[in-house]
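What's in entry-v1.pdb: PDB, C-alpha atoms
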```pdb
ATOM      1  CA  MET A   1     -10.065  13.570 -32.103
ATOM      2  CA  ALA A   2      -8.825  10.766 -29.850
ATOM      3  CA  THR A   3      -9.137  10.815 -26.060
ATOM      4  CA  HIS A   4      -6.323   9.343 -23.963
ATOM      5  CA  VAL A   5      -6.296   8.518 -20.260
ATOM      6  CA  ILE A   6      -2.694   8.672 -19.017
ATOM      7  CA  THR A   7      -1.047   7.789 -15.717
ATOM      8  CA  GLY A   8       2.430   9.038 -14.891
ATOM      9  CA  ALA A   9       2.045  12.194 -16.994
ATOM     10  CA  GLY A  10       4.134  14.306 -14.636
ATOM     11  CA  SER A  11       7.629  13.024 -15.435
ATOM     12  CA  GLY A  12       9.810  10.758 -17.541
ATOM     13  CA  ILE A  13       8.160   8.666 -20.236
ATOM     14  CA  GLY A  14       4.668   9.755 -19.211
ATOM     15  CA  ALA A  15       5.497  13.436 -19.573
ATOM     16  CA  ALA A  16       7.093  12.830 -22.976
ATOM     17  CA  VAL A  17       4.010  10.985 -24.248
ATOM     18  CA  THR A  18       1.676  13.625 -22.820
ATOM     19  CA  ARG A  19       3.608  16.474 -24.453
ATOM     20  CA  ARG A  20       3.416  14.782 -27.841
ATOM     21  CA  LEU A  21      -0.307  14.044 -27.635
ATOM     22  CA  HIS A  22      -1.046  17.526 -26.273
ATOM     23  CA  ALA A  23       0.930  19.149 -29.100
ATOM     24  CA  ARG A  24      -1.126  17.389 -31.740
ATOM     25  CA  GLY A  25      -4.397  18.455 -30.148
ATOM     26  CA  ASP A  26      -5.729  15.189 -28.758
ATOM     27  CA  GLU A  27      -8.024  15.157 -25.737
ATOM     28  CA  LEU A  28      -6.179  14.234 -22.530
ATOM     29  CA  VAL A  29      -7.389  12.904 -19.183
ATOM     30  CA  LEU A  30      -4.395  12.963 -16.851
ATOM     31  CA  HIS A  31      -4.397  10.875 -13.718
ATOM     32  CA  ALA A  32      -2.996  12.466 -10.559
ATOM     33  CA  ARG A  33      -2.497  11.028  -7.093
ATOM     34  CA  ASP A  34      -4.033  14.080  -5.349
ATOM     35  CA  ALA A  35      -5.707  17.424  -6.022
ATOM     36  CA  GLY A  36      -2.459  19.372  -5.746
ATOM     37  CA  ARG A  37      -0.776  17.265  -8.404
ATOM     38  CA  ALA A  38      -3.874  17.513 -10.600
ATOM     39  CA  LYS A  39      -3.674  21.308 -10.447
ATOM     40  CA  GLU A  40      -0.016  21.209 -11.530
ATOM     41  CA  LEU A  41      -0.788  18.945 -14.485
ATOM     42  CA  ALA A  42      -3.720  21.108 -15.576
ATOM     43  CA  ALA A  43      -1.449  24.156 -15.566
ATOM     44  CA  GLU A  44       1.268  22.363 -17.522
ATOM     45  CA  PHE A  45      -1.126  20.999 -20.148
ATOM     46  CA  PRO A  46      -3.844  23.599 -20.781
ATOM     47  CA  GLY A  47      -7.144  22.069 -21.814
ATOM     48  CA  ALA A  48      -6.408  18.663 -20.313
ATOM     49  CA  ARG A  49      -8.828  17.157 -17.819
ATOM     50  CA  THR A  50      -7.609  15.479 -14.657
ATOM     51  CA  LEU A  51      -8.658  12.429 -12.684
ATOM     52  CA  VAL A  52      -7.605  12.054  -9.050
ATOM     53  CA  GLY A  53      -6.955   8.763  -7.269
ATOM     54  CA  ASP A  54      -4.087   7.226  -5.330
ATOM     55  CA  LEU A  55      -2.619   4.271  -7.236
ATOM     56  CA  ALA A  56      -0.927   3.153  -4.028
ATOM     57  CA  ASP A  57      -4.392   2.440  -2.591
ATOM     58  CA  PRO A  58      -6.299   0.736  -5.436
ATOM     59  CA  ASP A  59      -9.099  -0.371  -3.105
ATOM     60  CA  LYS A  60     -10.208   3.273  -2.928
ATOM     61  CA  LEU A  61     -10.076   4.090  -6.625
ATOM     62  CA  SER A  62     -13.731   3.179  -7.176
ATOM     63  CA  TRP A  63     -14.773   5.517  -4.376
ATOM     64  CA  ALA A  64     -12.550   8.316  -5.714
ATOM     65  CA  PHE A  65     -13.884   7.955  -9.255
ATOM     66  CA  SER A  66     -17.503   7.888  -8.049
ATOM     67  CA  HIS A  67     -17.038  11.511  -6.953
ATOM     68  CA  GLN A  68     -15.663  12.632 -10.325
ATOM     69  CA  SER A  69     -16.803  12.700 -13.944
ATOM     70  CA  LEU A  70     -15.192   9.962 -15.987
ATOM     71  CA  PRO A  71     -14.778  10.587 -19.723
ATOM     72  CA  ASP A  72     -17.565   9.218 -21.908
ATOM     73  CA  ARG A  73     -15.048   8.393 -24.639
ATOM     74  CA  VAL A  74     -11.666   6.700 -24.231
ATOM     75  CA  ASP A  75      -9.568   5.741 -27.252
ATOM     76  CA  SER A  76      -6.485   4.725 -25.320
ATOM     77  CA  LEU A  77      -5.568   3.979 -21.722
ATOM     78  CA  LEU A  78      -1.842   4.473 -21.159
ATOM     79  CA  HIS A  79      -0.464   2.916 -17.970
ATOM     80  CA  ILE A  80       2.888   4.683 -17.517
ATOM     81  CA  ALA A  81       3.098   5.428 -13.773
ATOM     82  CA  GLY A  82       5.322   3.174 -11.690
ATOM     83  CA  VAL A  83       7.422   2.917  -8.544
ATOM     84  CA  VAL A  84      10.600   1.011  -7.713
ATOM     85  CA  ASP A  85      12.301   0.001  -4.475
ATOM     86  CA  LEU A  86      15.296  -2.302  -4.671
ATOM     87  CA  GLY A  87      16.566  -4.705  -2.046
ATOM     88  CA  PRO A  88      17.402  -8.355  -1.416
ATOM     89  CA  VAL A  89      14.558 -10.741  -0.671
ATOM     90  CA  GLY A  90      15.932 -11.244   2.824
ATOM     91  CA  GLU A  91      15.422  -7.566   3.644
ATOM     92  CA  LEU A  92      12.260  -6.502   1.794
ATOM     93  CA  THR A  93       9.255  -5.918   4.054
ATOM     94  CA  PRO A  94       5.620  -6.718   3.192
ATOM     95  CA  LYS A  95       4.995  -2.963   3.017
ATOM     96  CA  THR A  96       7.600  -2.588   0.273
ATOM     97  CA  TRP A  97       6.150  -5.528  -1.636
ATOM     98  CA  ARG A  98       2.583  -4.245  -1.343
ATOM     99  CA  HIS A  99       3.464  -0.713  -2.450
ATOM    100  CA  GLN A 100       5.063  -1.886  -5.689
ATOM    101  CA  LEU A 101       2.389  -4.481  -6.396
ATOM    102  CA  ASN A 102      -0.370  -1.928  -5.759
ATOM    103  CA  VAL A 103       1.025   0.832  -7.980
ATOM    104  CA  ASN A 104       2.581  -1.289 -10.714
ATOM    105  CA  LEU A 105       0.024  -4.087 -11.049
ATOM    106  CA  ILE A 106      -3.229  -3.893  -9.080
ATOM    107  CA  ALA A 107      -3.982  -0.237  -9.841
ATOM    108  CA  PRO A 108      -3.518  -0.732 -13.620
ATOM    109  CA  ALA A 109      -5.905  -3.696 -13.424
ATOM    110  CA  GLU A 110      -8.461  -1.587 -11.535
ATOM    111  CA  LEU A 111      -8.154   1.369 -13.924
ATOM    112  CA  THR A 112      -8.561  -0.965 -16.867
ATOM    113  CA  ARG A 113     -11.698  -2.432 -15.310
ATOM    114  CA  HIS A 114     -13.213   1.028 -14.958
ATOM    115  CA  PHE A 115     -12.499   2.088 -18.535
ATOM    116  CA  LEU A 116     -13.197  -1.139 -20.424
ATOM    117  CA  PRO A 117     -16.760  -0.139 -21.390
ATOM    118  CA  GLN A 118     -15.481   3.033 -23.087
ATOM    119  CA  LEU A 119     -12.563   1.171 -24.697
ATOM    120  CA  ARG A 120     -14.896  -1.488 -26.083
ATOM    121  CA  ALA A 121     -17.164   1.207 -27.532
ATOM    122  CA  THR A 122     -14.270   2.838 -29.415
ATOM    123  CA  ARG A 123     -12.373  -0.390 -30.167
ATOM    124  CA  GLY A 124      -9.606   1.334 -28.255
ATOM    125  CA  HIS A 125      -6.119   0.536 -27.060
ATOM    126  CA  VAL A 126      -4.542  -0.290 -23.683
ATOM    127  CA  VAL A 127      -0.798   0.271 -23.352
ATOM    128  CA  PHE A 128       1.142  -1.069 -20.387
ATOM    129  CA  VAL A 129       4.595   0.468 -19.965
ATOM    130  CA  ASN A 130       6.365  -2.465 -18.411
ATOM    131  CA  SER A 131      10.153  -2.793 -17.958
ATOM    132  CA  GLY A 132      13.090  -4.928 -18.936
ATOM    133  CA  ALA A 133      12.673  -6.232 -15.377
ATOM    134  CA  GLY A 134       9.341  -7.663 -16.490
ATOM    135  CA  LEU A 135      11.256 -10.085 -18.699
ATOM    136  CA  ASN A 136      14.402 -10.743 -16.638
ATOM    137  CA  ALA A 137      14.745 -10.493 -12.861
ATOM    138  CA  HIS A 138      18.124  -9.768 -11.289
ATOM    139  CA  ALA A 139      19.429  -9.649  -7.735
ATOM    140  CA  ASP A 140      17.740  -6.968  -5.590
ATOM    141  CA  TRP A 141      14.941  -6.487  -8.133
ATOM    142  CA  SER A 142      12.541  -9.187  -6.876
ATOM    143  CA  ALA A 143       9.556  -7.069  -5.770
ATOM    144  CA  TYR A 144       9.691  -4.672  -8.715
ATOM    145  CA  ALA A 145      10.232  -7.492 -11.200
ATOM    146  CA  ALA A 146       7.395  -9.503  -9.675
ATOM    147  CA  SER A 147       5.043  -6.558 -10.171
ATOM    148  CA  LYS A 148       6.172  -6.214 -13.784
ATOM    149  CA  TYR A 149       6.003  -9.954 -14.526
ATOM    150  CA  GLY A 150       2.449  -9.728 -13.198
ATOM    151  CA  LEU A 151       1.782  -6.750 -15.459
ATOM    152  CA  LYS A 152       2.841  -8.850 -18.447
ATOM    153  CA  ALA A 153       0.380 -11.553 -17.402
ATOM    154  CA  LEU A 154      -2.358  -8.946 -17.010
ATOM    155  CA  ALA A 155      -1.688  -7.576 -20.492
ATOM    156  CA  ASP A 156      -1.521 -11.006 -22.112
ATOM    157  CA  SER A 157      -4.772 -12.150 -20.500
ATOM    158  CA  LEU A 158      -6.534  -8.892 -21.339
ATOM    159  CA  ARG A 159      -5.430  -9.166 -24.963
ATOM    160  CA  HIS A 160      -7.025 -12.592 -25.331
ATOM    161  CA  GLU A 161     -10.189 -11.550 -23.492
ATOM    162  CA  GLU A 162     -10.771  -8.312 -25.387
ATOM    163  CA  HIS A 163      -9.657  -9.290 -28.900
ATOM    164  CA  PRO A 164     -13.258 -10.182 -29.847
ATOM    165  CA  ASN A 165     -14.274  -6.673 -28.752
ATOM    166  CA  GLY A 166     -11.636  -5.033 -30.955
ATOM    167  CA  VAL A 167      -9.563  -3.691 -28.030
ATOM    168  CA  ARG A 168      -5.838  -3.727 -28.769
ATOM    169  CA  VAL A 169      -3.310  -4.365 -25.971
ATOM    170  CA  THR A 170       0.397  -3.512 -26.103
ATOM    171  CA  SER A 171       3.177  -4.057 -23.577
ATOM    172  CA  VAL A 172       6.288  -1.880 -23.886
ATOM    173  CA  TYR A 173       9.462  -3.053 -22.156
ATOM    174  CA  PRO A 174      11.926  -0.144 -21.938
ATOM    175  CA  GLY A 175      15.459  -0.674 -20.742
ATOM    176  CA  ARG A 176      17.042   1.932 -18.499
ATOM    177  CA  THR A 177      15.564   5.296 -19.405
ATOM    178  CA  ALA A 178      16.800   8.727 -18.309
ATOM    179  CA  SER A 179      14.123   9.700 -15.776
ATOM    180  CA  PRO A 180      13.646  10.532 -12.091
ATOM    181  CA  MET A 181      12.969   6.830 -11.486
ATOM    182  CA  GLN A 182      16.338   5.929 -13.004
ATOM    183  CA  ALA A 183      18.060   8.512 -10.825
ATOM    184  CA  LYS A 184      16.468   6.842  -7.793
ATOM    185  CA  VAL A 185      17.571   3.392  -8.984
ATOM    186  CA  HIS A 186      21.164   4.583  -9.298
ATOM    187  CA  GLN A 187      20.978   6.088  -5.830
ATOM    188  CA  GLN A 188      19.729   2.787  -4.431
ATOM    189  CA  GLU A 189      22.472   0.940  -6.307
ATOM    190  CA  GLY A 190      25.096   3.349  -4.974
ATOM    191  CA  LYS A 191      26.141   4.357  -8.495
ATOM    192  CA  ASP A 192      26.716   7.710 -10.171
ATOM    193  CA  TYR A 193      23.868   8.677 -12.490
ATOM    194  CA  ASP A 194      24.670   9.896 -16.004
ATOM    195  CA  PRO A 195      21.418  10.360 -17.965
ATOM    196  CA  THR A 196      23.298  10.570 -21.274
ATOM    197  CA  ARG A 197      24.053   6.840 -21.008
ATOM    198  CA  TRP A 198      20.419   5.811 -21.107
ATOM    199  CA  ILE A 199      17.378   5.967 -23.382
ATOM    200  CA  ASP A 200      15.789   9.381 -23.840
ATOM    201  CA  PRO A 201      12.135   9.300 -22.695
ATOM    202  CA  GLU A 202      11.211  10.836 -26.063
ATOM    203  CA  SER A 203      12.453   7.686 -27.789
ATOM    204  CA  VAL A 204      10.193   5.490 -25.676
ATOM    205  CA  ALA A 205       7.336   7.923 -26.350
ATOM    206  CA  THR A 206       7.893   7.397 -30.070
ATOM    207  CA  THR A 207       7.408   3.640 -29.679
ATOM    208  CA  ILE A 208       4.183   4.155 -27.704
ATOM    209  CA  LEU A 209       2.757   6.537 -30.293
ATOM    210  CA  THR A 210       3.736   4.100 -33.047
ATOM    211  CA  ALA A 211       1.671   1.402 -31.334
ATOM    212  CA  ILE A 212      -1.445   3.499 -30.791
ATOM    213  CA  ASP A 213      -1.280   5.127 -34.248
ATOM    214  CA  LEU A 214      -0.868   1.823 -36.098
ATOM    215  CA  PRO A 215      -3.626   1.213 -38.662
ATOM    216  CA  ARG A 216      -6.408  -1.106 -37.531
ATOM    217  CA  ASP A 217      -5.252  -3.977 -39.730
ATOM    218  CA  ALA A 218      -2.350  -4.669 -37.323
ATOM    219  CA  GLU A 219      -1.543  -4.748 -33.629
ATOM    220  CA  ILE A 220       1.774  -4.497 -31.815
ATOM    221  CA  ASN A 221       1.629  -6.885 -28.866
ATOM    222  CA  ASP A 222       5.099  -6.467 -27.336
ATOM    223  CA  LEU A 223       7.830  -3.873 -27.833
ATOM    224  CA  THR A 224      11.268  -4.187 -26.233
ATOM    225  CA  VAL A 225      13.308  -0.977 -26.236
ATOM    226  CA  ARG A 226      16.979  -1.175 -25.289
ATOM    227  CA  PRO A 227      19.629   1.545 -24.809
ATOM    228  CA  GLY A 228      21.357   2.183 -28.120
ATOM    229  CA  ARG A 229      24.476   3.855 -26.784
TER     230      ARG A 229
END
```
Could you show the structure in this file as structure tokens?
Amino acid sequence: MATHVITGAGSGIGAAVTRRLHARGDELVLHARDAGRAKELAAEFPGARTLVGDLADPDKLSWAFSHQSLPDRVDSLLHIAGVVDLGPVGELTPKTWRHQLNVNLIAPAELTRHFLPQLRATRGHVVFVNSGAGLNAHADWSAYAASKYGLKALADSLRHEEHPNGVRVTSVYPGRTASPMQAKVHQQEGKDYDPTRWIDPESVATTILTAIDLPRDAEINDLTVRPGR
């Protein structure tokens, strides 16, 4: 039975992945930003363990984890949590930049550092849910895209470093996906939000499960998922 550490399990793509893994009986360790959110996730996914730490403050993750029991076994680490705040470069504040870089890039690096020993022991898998913005940056997307371009660099470097240890690394680049984040993006863009126009989170979840379930003779490095409608 595989053990998966998952961020972003509470909504969107993360919730879809968590439901699928929970339904098939895998062991889950669900990251939560605080104790209240951890309690909600534990109620939603009976039997799952939780791990509390604020991704917006990655400097404190080591301290937070030192007061909790980390899993002895980790077969996959799924980085799915993310934040987005749009705006032109001329108006974005350092606080806005730091928040997106912390949650979308530095925290995944710190979580990966903590779980690498377990992942090496199992010859496990790290999945970074990136974004189409991690491949192409458009007006008003600079800070978010920068965090996602950085996430691509993190994944690519990690893949080269950990290949000798048997750790697989996959980046998934979804286009616009029907989720609370997408609703926020539309609000920031001043556009009406119609979730039926965009990718269903379940479809992105299918691509993630395909990557982690792939036989050991192959590895999916990069997956780009675009709206099909």
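With all atoms listed in the file as the atoms that count, the residue of A:Glu162, A:Glu91, A:Asp140, A:Asp34 with the shortest distance to Arg113 of chain A is A:Glu162.
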For each of A:Ile13, A:Leu209, A:Ala109, A:Leu223, take the minimum atom-to-atom distance to Gln182 of chain A, counting all atoms listed in the file, then give the residue where this is smallest.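 That would be A:Ile13, the residue with the smallest distance to Gln182 of chain A.
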Please, what distance in Å, to one decimal, runs between atom CA of Asp75 of chain A and atom CA of Val126 of chain A?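 Computing the Euclidean distance for atom CA of Asp75 of chain A and atom CA of Val126 of chain A yields 8.6 Å.
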Counting only C-alpha atoms, the residue of A:Val89, A:Val103, A:Ile80, A:Thr206 that sits nearest Asp59 of chain A: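 The closest residue to Asp59 of chain A is A:Val103.
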Residues selected by the PyMOL selection byres ((chain A and resi 47) around 9), written as a VMD selection string: chain A and resid 22 27 to 28 42 to 43 45 to 46 48 to 49
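Proximity of A:Arg168, A:Arg37, A:His163, A:Lys184 to Ile220 of chain A, computed with all atoms listed in the file, is greatest for A:Arg168.
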Could you check how far atom CA of Pro174 of chain A sits from atom CA of Ala15 of chain A, in Å to one decimal?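 Taking atom CA of Pro174 of chain A and atom CA of Ala15 of chain A, their separation equals 15.2 Å.
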For atom CA of Tyr173 of chain A and atom CA of Ala133 of chain A, quote the distance in Å rounded to one decimal.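 Separation between atom CA of Tyr173 of chain A and atom CA of Ala133 of chain A: 8.1 Å.
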Residues near Glu202 of chain A, cut-off 10 Å, only C-alpha atoms, skip fewer than 6 positions along chain, as a list in words: Gly12, Ile13, Gly14, Ala15, Ala16, Val17, Arg19, Arg20, Thr177, Ala178 and Ile208 of chain A
Export C-alpha atoms of the chosen residues as a PDB file, in the coordinates of the input?
```pdb
ATOM      1  CA  GLY A  12       9.810  10.758 -17.541  1.00  0.00           C
ATOM      2  CA  ILE A  13       8.160   8.666 -20.236  1.00  0.00           C
ATOM      3  CA  GLY A  14       4.668   9.755 -19.211  1.00  0.00           C
ATOM      4  CA  ALA A  15       5.497  13.436 -19.573  1.00  0.00           C
ATOM      5  CA  ALA A  16       7.093  12.830 -22.976  1.00  0.00           C
ATOM      6  CA  VAL A  17       4.010  10.985 -24.248  1.00  0.00           C
ATOM      7  CA  ARG A  19       3.608  16.474 -24.453  1.00  0.00           C
ATOM      8  CA  ARG A  20       3.416  14.782 -27.841  1.00  0.00           C
ATOM      9  CA  THR A 177      15.564   5.296 -19.405  1.00  0.00           C
ATOM     10  CA  ALA A 178      16.800   8.727 -18.309  1.00  0.00           C
ATOM     11  CA  ILE A 208       4.183   4.155 -27.704  1.00  0.00           C
TER      12      ILE A 208
END
```
Applied to the shown file, which residues does the PyMOL selection byres ((chain A and resi 115) around 10) return, written as a PyMOL selection string? chain A and resi 5+70-77+110-114+116-120+126
May I have the residues from that selection written out with C-alpha atoms, as a short mmCIF file (atom, residue, chain, number, x, y, z; two decimals), in the frame of the given file?
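The resulting file, again_23.cif, is reproduced below:
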```cif
data_model
loop_
_atom_site.label_atom_id
_atom_site.label_comp_id
_atom_site.auth_asym_id
_atom_site.auth_seq_id
_atom_site.Cartn_x
_atom_site.Cartn_y
_atom_site.Cartn_z
CA VAL A 5 -6.30 8.52 -20.26
CA LEU A 70 -15.19 9.96 -15.99
CA PRO A 71 -14.78 10.59 -19.72
CA ASP A 72 -17.57 9.22 -21.91
CA ARG A 73 -15.05 8.39 -24.64
CA VAL A 74 -11.67 6.70 -24.23
CA ASP A 75 -9.57 5.74 -27.25
CA SER A 76 -6.48 4.72 -25.32
CA LEU A 77 -5.57 3.98 -21.72
CA GLU A 110 -8.46 -1.59 -11.54
CA LEU A 111 -8.15 1.37 -13.92
CA THR A 112 -8.56 -0.96 -16.87
CA ARG A 113 -11.70 -2.43 -15.31
CA HIS A 114 -13.21 1.03 -14.96
CA LEU A 116 -13.20 -1.14 -20.42
CA PRO A 117 -16.76 -0.14 -21.39
CA GLN A 118 -15.48 3.03 -23.09
CA LEU A 119 -12.56 1.17 -24.70
CA ARG A 120 -14.90 -1.49 -26.08
CA VAL A 126 -4.54 -0.29 -23.68
#
```
Using all atoms listed in the file, which residue out of A:Leu55, A:Ala9, A:Val167, A:Ala64 lies closest to Glu40 of chain A?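 Closest residue, counting all atoms listed in the file: A:Ala9.
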Selection dump of the PyMOL selection byres ((chain A and resi 56) around 9), as JSON, numbers by chain: {"A": [33, 53, 54, 55, 57, 58, 59, 98, 99, 100, 101, 102, 103, 104, 106, 107]}
Find the residue from A:Asn221, A:Thr3, A:Thr196, A:Ser157 that sits nearest to Val169 of chain A; use all atoms listed in the file when measuring. A:Asn221
Set the distance at 10 Å and use all atoms listed in the file: which residues neighbour Ser142 of chain A once local chain neighbours fewer than 6 positions away are removed? I'd like the list as a PyMOL selection string. chain A and resi 85-89+92+97+133+148
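For Tyr193 of chain A, the non-local neighbours within 12 Å, defined as residues at least 4 positions apart in the same chain or in other chains and counting all atoms listed in the file, are Arg176, Thr177, Ala178, Ser179, Pro180, Met181, Gln182, Ala183, Lys184, Val185, His186, Gln187, Gln188, Glu189, Arg197 and Trp198 of chain A.
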